[in-house]
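Quick notes on the structure that follows.
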Amino acid sequence: QVQLRESGGGLVQAGGSLRLSCAASGRTVSSYVMGWFRQAPGKERDFVAAINWSGSNTSYADSVKGRFTISRDNAKNTVWLKMNSLKPEDTAVYYCAADTTYSNYAGRSNWRVYDYWGQGTQVTVSS
């Protein structure tokens with residue numbers, strides 16, 4: 001069983017930056033694709049970014065491309081999401097997730113294929 005715990009959310013002004021962390025425990029996630037998703041009130045859970053096991057392959061939603069960066073350190077069993085140039089529309093609860101089906105393909109953006117989830121961390125961007 002994998003437990004995921006996000007941290008690093010908070011309140012930031014538009015144009016600011018935050019770095020979210022996702023610490024895994026219970027089992028190593030070094031062979032899993034890891035993803036970040038977000039969900040705003042009353043909206044669907046949306047794909048943000050994903051990274052393959054080695055970090056050599058990443059994918060991003062068009063809305064965050066060029067502003068967000070996903071990275072990982074398998075020795076620390078941790079994944080990060082660095083968010084720059086934040087906008088009010090980035091406000092949401094951000095979730096970390098593990099896709100145990102594939103290790104090398106980071107292109108699956110459907111939240112339903114991810115097997116393990118964290119509890120989420122709130123990001124609020126004020127205008």
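Chain labels run A, B, ... following the order of the structure tokens; each chain numbers its residues from 1, and ligands are numbered from 1 in the order shown.
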Write out as CSV the residues of range 51-89 of chain A that have any atom within 8 Å of an atom of range 27-47 of chain A, one row each with the nearest atom pair and its distance in Å to one decimal, counting only C-alpha atoms, sorted by chain and then rising number.
```
residue,atom,partner,partner_atom,distance
A:Ile51,CA,A:Met34,CA,5.5
A:Asn52,CA,A:Val33,CA,4.5
A:Trp53,CA,A:Ser31,CA,5.1
A:Ser54,CA,A:Ser30,CA,7.8
A:Tyr60,CA,A:Phe47,CA,7.8
A:Ala61,CA,A:Phe47,CA,6.4
A:Asn74,CA,A:Ser30,CA,5.1
A:Ala75,CA,A:Ser30,CA,8.0
A:Asn77,CA,A:Thr28,CA,6.2
A:Val79,CA,A:Met34,CA,7.4
A:Leu81,CA,A:Trp36,CA,7.6
```
Store the residues of this selection in a file with N, CA and C atoms, as a PDB file, in the first residue's frame.
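Written file, again.pdb:
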```pdb
ATOM      1  N   ILE A  51       5.042  12.610 -14.560  1.00  0.00           N
ATOM      2  CA  ILE A  51       6.461  12.342 -14.768  1.00  0.00           C
ATOM      3  C   ILE A  51       6.692  10.832 -14.713  1.00  0.00           C
ATOM      4  N   ASN A  52       7.543  10.343 -15.607  1.00  0.00           N
ATOM      5  CA  ASN A  52       7.799   8.912 -15.612  1.00  0.00           C
ATOM      6  C   ASN A  52       8.786   8.543 -14.508  1.00  0.00           C
ATOM      7  N   TRP A  53       9.107   7.267 -14.419  1.00  0.00           N
ATOM      8  CA  TRP A  53       9.871   6.775 -13.279  1.00  0.00           C
ATOM      9  C   TRP A  53      11.243   7.426 -13.158  1.00  0.00           C
ATOM     10  N   SER A  54      11.869   7.708 -14.286  1.00  0.00           N
ATOM     11  CA  SER A  54      13.232   8.234 -14.234  1.00  0.00           C
ATOM     12  C   SER A  54      13.284   9.751 -14.284  1.00  0.00           C
ATOM     13  N   TYR A  60       2.414  17.945 -19.505  1.00  0.00           N
ATOM     14  CA  TYR A  60       1.742  19.038 -18.813  1.00  0.00           C
ATOM     15  C   TYR A  60       0.431  19.380 -19.514  1.00  0.00           C
ATOM     16  N   ALA A  61      -0.500  19.858 -18.711  1.00  0.00           N
ATOM     17  CA  ALA A  61      -1.704  20.439 -19.286  1.00  0.00           C
ATOM     18  C   ALA A  61      -1.314  21.720 -20.002  1.00  0.00           C
ATOM     19  N   ASN A  74      13.787   9.825  -6.578  1.00  0.00           N
ATOM     20  CA  ASN A  74      13.395   8.479  -6.160  1.00  0.00           C
ATOM     21  C   ASN A  74      14.078   8.055  -4.864  1.00  0.00           C
ATOM     22  N   ALA A  75      15.253   8.570  -4.621  1.00  0.00           N
ATOM     23  CA  ALA A  75      15.937   8.235  -3.370  1.00  0.00           C
ATOM     24  C   ALA A  75      15.173   8.772  -2.166  1.00  0.00           C
ATOM     25  N   ASN A  77      11.849   9.326  -2.415  1.00  0.00           N
ATOM     26  CA  ASN A  77      10.451   8.903  -2.586  1.00  0.00           C
ATOM     27  C   ASN A  77       9.511  10.113  -2.613  1.00  0.00           C
ATOM     28  N   VAL A  79       7.982  13.640  -4.948  1.00  0.00           N
ATOM     29  CA  VAL A  79       7.701  14.327  -6.206  1.00  0.00           C
ATOM     30  C   VAL A  79       7.359  15.775  -5.872  1.00  0.00           C
ATOM     31  N   LEU A  81       6.050  19.779  -7.459  1.00  0.00           N
ATOM     32  CA  LEU A  81       5.449  20.574  -8.518  1.00  0.00           C
ATOM     33  C   LEU A  81       5.807  22.024  -8.239  1.00  0.00           C
TER      34      LEU A  81
END
```
Q.
Just want the 10 Å neighbourhood of Gly26 in chain A, counted on only C-alpha atoms, with same-chain residues fewer than 6 positions away dropped. Output as a list in words.
A.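 Listing them by chain and then by number gives Gln1, Val2, Gln3 and Leu4 of chain A.
Taking only C-alpha atoms, the non-local environment of Gly10 in chain A within 7 Å (same-chain residues fewer than 5 positions away omitted) comprises Gln122, Val123 and Thr124 of chain A.
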Write the residues you've just listed into a file as a compact mmCIF listing (two decimals), in the first residue's frame, and include C-alpha atoms for each of them.
```txt
# COMPACT_ATOMS: atom_id res chain seq x y z
CA GLN A 122 -5.14 23.91 -1.09
CA VAL A 123 -3.61 26.51 -3.38
CA THR A 124 -5.28 29.92 -3.44
```
Q) Can you list, as a VMD selection string, every residue of chain A that DSSP puts in helix (DSSP H, G or I)? A) chain A and resid 88 to 90 111 to 113
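Of the listed residues A:Ala24, A:Thr121, A:Arg67, A:Arg72, the one whose atoms come nearest to Thr91 in chain A is A:Thr121, with distances taken using only C-alpha atoms.
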Test item: residues at most 10 Å from Arg19 in chain A, only C-alpha atoms, excluding those fewer than 6 positions along its chain, as a PDB file with all heavy atoms, in the first residue's frame:
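Okay, result14.pdb is ready:
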```pdb
ATOM      1  N   SER A   7       2.102  18.616   0.509  1.00  0.00           N
ATOM      2  CA  SER A   7       2.336  19.782   1.356  1.00  0.00           C
ATOM      3  C   SER A   7       2.814  20.928   0.478  1.00  0.00           C
ATOM      4  O   SER A   7       3.153  20.732  -0.689  1.00  0.00           O
ATOM      5  CB  SER A   7       3.360  19.471   2.446  1.00  0.00           C
ATOM      6  OG  SER A   7       4.606  19.122   1.873  1.00  0.00           O
ATOM      7  N   GLY A   8       2.836  22.123   1.049  1.00  0.00           N
ATOM      8  CA  GLY A   8       3.362  23.269   0.333  1.00  0.00           C
ATOM      9  C   GLY A   8       2.326  24.220  -0.235  1.00  0.00           C
ATOM     10  O   GLY A   8       2.675  25.248  -0.803  1.00  0.00           O
ATOM     11  N   GLY A   9       1.058  23.875  -0.087  1.00  0.00           N
ATOM     12  CA  GLY A   9       0.026  24.780  -0.564  1.00  0.00           C
ATOM     13  C   GLY A   9      -0.084  26.008   0.313  1.00  0.00           C
ATOM     14  O   GLY A   9       0.543  26.106   1.368  1.00  0.00           O
ATOM     15  N   GLY A  10      -0.888  26.961  -0.130  1.00  0.00           N
ATOM     16  CA  GLY A  10      -1.082  28.173   0.648  1.00  0.00           C
ATOM     17  C   GLY A  10      -1.707  29.262  -0.172  1.00  0.00           C
ATOM     18  O   GLY A  10      -2.220  29.027  -1.271  1.00  0.00           O
ATOM     19  N   PHE A  68       4.668  25.636 -14.881  1.00  0.00           N
ATOM     20  CA  PHE A  68       4.822  24.605 -13.848  1.00  0.00           C
ATOM     21  C   PHE A  68       5.894  23.611 -14.279  1.00  0.00           C
ATOM     22  O   PHE A  68       6.066  23.330 -15.466  1.00  0.00           O
ATOM     23  CB  PHE A  68       3.511  23.843 -13.639  1.00  0.00           C
ATOM     24  CG  PHE A  68       2.401  24.630 -13.000  1.00  0.00           C
ATOM     25  CD1 PHE A  68       2.470  26.009 -12.836  1.00  0.00           C
ATOM     26  CD2 PHE A  68       1.258  23.979 -12.561  1.00  0.00           C
ATOM     27  CE1 PHE A  68       1.436  26.719 -12.248  1.00  0.00           C
ATOM     28  CE2 PHE A  68       0.213  24.662 -11.965  1.00  0.00           C
ATOM     29  CZ  PHE A  68       0.303  26.048 -11.817  1.00  0.00           C
ATOM     30  N   THR A  69       6.582  23.058 -13.280  1.00  0.00           N
ATOM     31  CA  THR A  69       7.592  22.025 -13.539  1.00  0.00           C
ATOM     32  C   THR A  69       7.430  20.894 -12.534  1.00  0.00           C
ATOM     33  O   THR A  69       7.431  21.136 -11.324  1.00  0.00           O
ATOM     34  CB  THR A  69       9.004  22.600 -13.424  1.00  0.00           C
ATOM     35  OG1 THR A  69       9.158  23.697 -14.333  1.00  0.00           O
ATOM     36  CG2 THR A  69      10.046  21.536 -13.768  1.00  0.00           C
ATOM     37  N   ILE A  70       7.316  19.686 -13.046  1.00  0.00           N
ATOM     38  CA  ILE A  70       7.236  18.506 -12.196  1.00  0.00           C
ATOM     39  C   ILE A  70       8.609  17.853 -12.141  1.00  0.00           C
ATOM     40  O   ILE A  70       9.338  17.815 -13.145  1.00  0.00           O
ATOM     41  CB  ILE A  70       6.165  17.516 -12.708  1.00  0.00           C
ATOM     42  CG1 ILE A  70       5.949  16.380 -11.712  1.00  0.00           C
ATOM     43  CG2 ILE A  70       6.502  16.995 -14.099  1.00  0.00           C
ATOM     44  CD1 ILE A  70       4.739  15.486 -12.045  1.00  0.00           C
ATOM     45  N   TRP A  80       7.757  16.689  -6.748  1.00  0.00           N
ATOM     46  CA  TRP A  80       7.484  18.103  -6.532  1.00  0.00           C
ATOM     47  C   TRP A  80       6.750  18.693  -7.732  1.00  0.00           C
ATOM     48  O   TRP A  80       6.858  18.181  -8.853  1.00  0.00           O
ATOM     49  CB  TRP A  80       8.788  18.887  -6.336  1.00  0.00           C
ATOM     50  CG  TRP A  80       9.540  18.529  -5.122  1.00  0.00           C
ATOM     51  CD1 TRP A  80       9.351  19.009  -3.854  1.00  0.00           C
ATOM     52  CD2 TRP A  80      10.640  17.630  -5.034  1.00  0.00           C
ATOM     53  NE1 TRP A  80      10.261  18.448  -2.990  1.00  0.00           N
ATOM     54  CE2 TRP A  80      11.066  17.601  -3.688  1.00  0.00           C
ATOM     55  CE3 TRP A  80      11.311  16.837  -5.960  1.00  0.00           C
ATOM     56  CZ2 TRP A  80      12.111  16.812  -3.247  1.00  0.00           C
ATOM     57  CZ3 TRP A  80      12.356  16.039  -5.521  1.00  0.00           C
ATOM     58  CH2 TRP A  80      12.759  16.030  -4.172  1.00  0.00           C
ATOM     59  N   LEU A  81       6.050  19.779  -7.459  1.00  0.00           N
ATOM     60  CA  LEU A  81       5.449  20.574  -8.518  1.00  0.00           C
ATOM     61  C   LEU A  81       5.807  22.024  -8.239  1.00  0.00           C
ATOM     62  O   LEU A  81       5.301  22.611  -7.288  1.00  0.00           O
ATOM     63  CB  LEU A  81       3.930  20.397  -8.590  1.00  0.00           C
ATOM     64  CG  LEU A  81       3.255  21.144  -9.730  1.00  0.00           C
ATOM     65  CD1 LEU A  81       3.619  20.500 -11.072  1.00  0.00           C
ATOM     66  CD2 LEU A  81       1.727  21.156  -9.554  1.00  0.00           C
ATOM     67  N   LYS A  82       6.711  22.573  -9.037  1.00  0.00           N
ATOM     68  CA  LYS A  82       7.068  23.980  -8.895  1.00  0.00           C
ATOM     69  C   LYS A  82       6.140  24.794  -9.763  1.00  0.00           C
ATOM     70  O   LYS A  82       6.027  24.557 -10.965  1.00  0.00           O
ATOM     71  CB  LYS A  82       8.524  24.210  -9.319  1.00  0.00           C
ATOM     72  CG  LYS A  82       8.953  25.663  -9.171  1.00  0.00           C
ATOM     73  CD  LYS A  82       8.982  26.102  -7.740  1.00  0.00           C
ATOM     74  CE  LYS A  82       9.220  27.589  -7.562  1.00  0.00           C
ATOM     75  NZ  LYS A  82      10.468  28.076  -8.141  1.00  0.00           N
ATOM     76  N   MET A  83       5.477  25.760  -9.157  1.00  0.00           N
ATOM     77  CA  MET A  83       4.477  26.566  -9.856  1.00  0.00           C
ATOM     78  C   MET A  83       4.915  28.015  -9.855  1.00  0.00           C
ATOM     79  O   MET A  83       5.057  28.615  -8.779  1.00  0.00           O
ATOM     80  CB  MET A  83       3.115  26.409  -9.176  1.00  0.00           C
ATOM     81  CG  MET A  83       2.682  24.965  -9.013  1.00  0.00           C
ATOM     82  SD  MET A  83       1.016  24.800  -8.337  1.00  0.00           S
ATOM     83  CE  MET A  83       1.259  25.462  -6.699  1.00  0.00           C
ATOM     84  N   ASN A  84       5.153  28.547 -11.029  1.00  0.00           N
ATOM     85  CA  ASN A  84       5.547  29.946 -11.189  1.00  0.00           C
ATOM     86  C   ASN A  84       4.445  30.723 -11.909  1.00  0.00           C
ATOM     87  O   ASN A  84       3.563  30.140 -12.533  1.00  0.00           O
ATOM     88  CB  ASN A  84       6.838  30.040 -11.994  1.00  0.00           C
ATOM     89  CG  ASN A  84       8.022  29.428 -11.286  1.00  0.00           C
ATOM     90  OD1 ASN A  84       8.131  29.464 -10.057  1.00  0.00           O
ATOM     91  ND2 ASN A  84       8.938  28.843 -12.050  1.00  0.00           N
TER      92      ASN A  84
END
```
(Q) Among chain A, which ones does DSSP assign to strand (DSSP E) (computed from the backbone)? Answer as an MDAnalysis selection string. (A) chainID A and resid 3:7 10:13 18:25 33:39 45:51 58:60 68:73 78:83 92:99 116:117 121:126
Q) When distances are computed from only C-alpha atoms, which of A:Gly66, A:Gly107, A:Gly16, A:Gly55 shows the smallest separation from Ser127 in chain A? A)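 For Ser127 in chain A, the nearest of the given residues is A:Gly16.
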(Q) For a quick check of understanding, using only C-alpha atoms, which of A:Thr58, A:Glu6, A:Ser63, A:Lys76 has the smallest distance to Ala97 in chain A? (A) A:Glu6
